[in-house]
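What follows is a set of notes on a single structure, which appears directly below.
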Amino acid sequence: MNAMYWSEDSDENKDLVVPDNVLDVIYSISCKCIPMEHAHALSEALQQVLPWLAEEETAGIHQVYGAESGNGWERPDTEVLYLSRRQKLTLRLPKTRLEEAKTLSGETIDVGGYALKVGEFTTRKLSDLPTLFARHVLGEDGQTEDEFMAQAVTQLQAMGINVKKMMCGKESVIHLPKGELHARSLMLADLELEESVKLQEVGLGPGRKLGCGLFLPQKGIKPVNPD
């Protein structure tokens with residue numbers, strides 16, 4: 001059973017114009033397949049073309065997911081991820097980097113031995129939805145669900161985010177050349193709109209260039225059966 005925090009629903013609604021100072025930059029790509037565990041290889045390949053990514057704290061690199069990965073809580077147990085023609089590559093970038101981000105279009109990068117050609121991009125503003133999820137939020141090896149949740153609550157409260165509803169999923173491992181990182185998926189609900197935007201802009205914890213701590217909108221969340 002997934003661990004979670006839960007409190008009463010809030011009926012408060014606030015109008016908020018979502019700022020565009022941070023955007024998701026969505027590139028079309030041409031690539032048959034890439035390694036399932038591609039976080040490090042993709043990060044390294046992109047930073048060769050866009051070296052400023054390493055120094056840009058706001059920048060994040062979403063890992064690539066195929067349709068079979070569902071809602072992101074689990075991933076198929078294979079070594080290679082086959083991509084459809086509709087698959088995209090998404091970077092989360094400050095608006096001030098858009099001109100530089102254009103240079104990635106037309107490039108072919110090597111992702112773990114597989115060629116990935118990058119096409120044109122579009123931009124998407126962050127969401128105003130009150131429910132967000134991240135496929136990977138870094139924790140510690142051997143950490144229990146309760147310990148991970150407590151760590152997340154502490155980090156969120158330090159950001160000024162009041163945790164009302166939160167649920168974590170299965171642990172995942174991100175493999176690096178010199179070791180591995182441990183993470184869990186995390187979903188939060190009933191966020192105030194300002195909190196939702198802030199969490200998407202800032203993220204939670206380190207590892208943004210590996211796809212960690214990057215939150216995406218989710219239409220809703222319901223309690224799981226405690227039995």
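Scheme for the structure tokens: letters A, B, ... for chains in order shown; per-chain residue numbers from 1; ligand numbers from 1 in order shown.
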
Give me the residues within 12 Å of A:Glu194 as a short mmCIF file (atom, residue, chain, number, x, y, z; two decimals) with N, CA and C atoms, in the first residue's frame, counting only C-alpha atoms and dropping any in the same chain fewer than 4 places off.
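Wrote part_2.cif, looks like this:
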data_model
loop_
_atom_site.label_atom_id
_atom_site.label_comp_id
_atom_site.auth_asym_id
_atom_site.auth_seq_id
_atom_site.Cartn_x
_atom_site.Cartn_y
_atom_site.Cartn_z
N ASN A 13 -11.13 28.58 -3.63
CA ASN A 13 -10.70 28.74 -5.02
C ASN A 13 -10.19 30.16 -5.20
N LYS A 14 -9.05 30.28 -5.82
CA LYS A 14 -8.46 31.59 -6.05
C LYS A 14 -8.10 31.74 -7.51
N ASP A 15 -8.30 32.93 -8.01
CA ASP A 15 -7.90 33.22 -9.39
C ASP A 15 -6.42 33.55 -9.41
N LEU A 16 -5.73 32.98 -10.37
CA LEU A 16 -4.30 33.24 -10.50
C LEU A 16 -3.93 33.16 -11.97
N VAL A 17 -3.25 34.16 -12.44
CA VAL A 17 -2.69 34.12 -13.78
C VAL A 17 -1.31 33.48 -13.66
N VAL A 18 -1.14 32.30 -14.25
CA VAL A 18 0.12 31.58 -14.13
C VAL A 18 1.20 32.35 -14.88
N PRO A 19 2.29 32.69 -14.22
CA PRO A 19 3.36 33.44 -14.90
C PRO A 19 4.05 32.57 -15.93
N LEU A 126 3.24 26.54 -17.23
CA LEU A 126 3.01 25.63 -16.12
C LEU A 126 1.52 25.60 -15.80
N SER A 127 1.12 24.58 -15.07
CA SER A 127 -0.29 24.34 -14.81
C SER A 127 -0.79 25.08 -13.57
N ASP A 128 -2.09 25.34 -13.55
CA ASP A 128 -2.71 25.92 -12.35
C ASP A 128 -3.50 24.87 -11.57
N LEU A 129 -3.37 23.60 -11.94
CA LEU A 129 -4.11 22.55 -11.23
C LEU A 129 -3.56 22.37 -9.81
N PRO A 130 -4.42 21.98 -8.86
CA PRO A 130 -4.00 21.82 -7.47
C PRO A 130 -3.37 20.48 -7.16
N MET A 159 9.72 25.58 1.93
CA MET A 159 9.38 26.37 0.75
C MET A 159 8.11 27.18 0.96
N GLY A 160 7.49 27.02 2.12
CA GLY A 160 6.24 27.72 2.38
C GLY A 160 5.03 27.02 1.82
N ILE A 161 5.15 25.72 1.56
CA ILE A 161 4.04 24.94 1.00
C ILE A 161 3.41 24.10 2.10
N ASN A 162 2.14 24.28 2.31
CA ASN A 162 1.39 23.56 3.34
C ASN A 162 0.91 22.23 2.77
N ASP A 190 -4.64 19.25 -3.39
CA ASP A 190 -5.21 20.38 -2.65
C ASP A 190 -4.19 21.49 -2.42
N LYS A 198 4.63 27.44 -7.70
CA LYS A 198 5.96 27.50 -7.10
C LYS A 198 6.64 26.14 -7.13
N LEU A 199 5.89 25.07 -6.82
CA LEU A 199 6.47 23.74 -6.80
C LEU A 199 6.91 23.32 -8.20
N GLN A 200 6.14 23.69 -9.21
CA GLN A 200 6.55 23.38 -10.58
C GLN A 200 7.79 24.18 -10.99
N GLU A 201 7.86 25.43 -10.57
CA GLU A 201 9.01 26.28 -10.93
C GLU A 201 10.28 25.82 -10.22
#

Compile a residue-level contact table for stretch 54-160 of chain A against stretch 164-184 of chain A at a cut-off of 8 Å, reporting for every qualifying residue the shortest atom pair and its distance in Å to one decimal, with only C-alpha atoms counted, rows ordered by chain and ascending number, as JSON lines.
{"residue": "A:Trp73", "atom": "CA", "partner": "A:Gly169", "partner_atom": "CA", "distance": 6.5}
{"residue": "A:Glu74", "atom": "CA", "partner": "A:Lys170", "partner_atom": "CA", "distance": 7.6}
{"residue": "A:Arg135", "atom": "CA", "partner": "A:Arg184", "partner_atom": "CA", "distance": 7.0}
{"residue": "A:His136", "atom": "CA", "partner": "A:Arg184", "partner_atom": "CA", "distance": 5.2}
{"residue": "A:Val137", "atom": "CA", "partner": "A:Ala183", "partner_atom": "CA", "distance": 5.1}
{"residue": "A:Leu138", "atom": "CA", "partner": "A:Ala183", "partner_atom": "CA", "distance": 4.1}
{"residue": "A:Gly139", "atom": "CA", "partner": "A:Ala183", "partner_atom": "CA", "distance": 5.1}
{"residue": "A:Glu140", "atom": "CA", "partner": "A:His182", "partner_atom": "CA", "distance": 5.8}
{"residue": "A:Asp141", "atom": "CA", "partner": "A:His182", "partner_atom": "CA", "distance": 5.7}
{"residue": "A:Glu145", "atom": "CA", "partner": "A:Cys168", "partner_atom": "CA", "distance": 7.2}
{"residue": "A:Met149", "atom": "CA", "partner": "A:Cys168", "partner_atom": "CA", "distance": 7.2}

Near-A:Ala101 list (12 Å; only C-alpha atoms; drop same-chain fewer than 6 positions) as a count of residues only | 26

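Note that atom CA of A:Gln218 and atom CA of A:Ile29 are 24.3 Å apart.
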
For the strand (DSSP E) assignment from backbone DSSP, which residues of stretch 22-203 of chain A qualify? Please present them as a VMD selection string. chain A and resid 22 to 30 33 to 35 60 to 61 80 to 82 88 to 94 108 to 111 114 to 125 132 to 138 165 to 176 179 to 189

- May I have all residues of stretch 137-218 of chain A that DSSP, computed from the backbone, assigns to helix (DSSP H, G or I), given as a PyMOL selection string? chain A and resi 145-158+193-202+208-210

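Each of A:Lys219, A:Gln48, A:Gly205, A:Ser105 was compared to A:Val153 using only C-alpha atoms, and A:Gly205 turns out to be the nearest.
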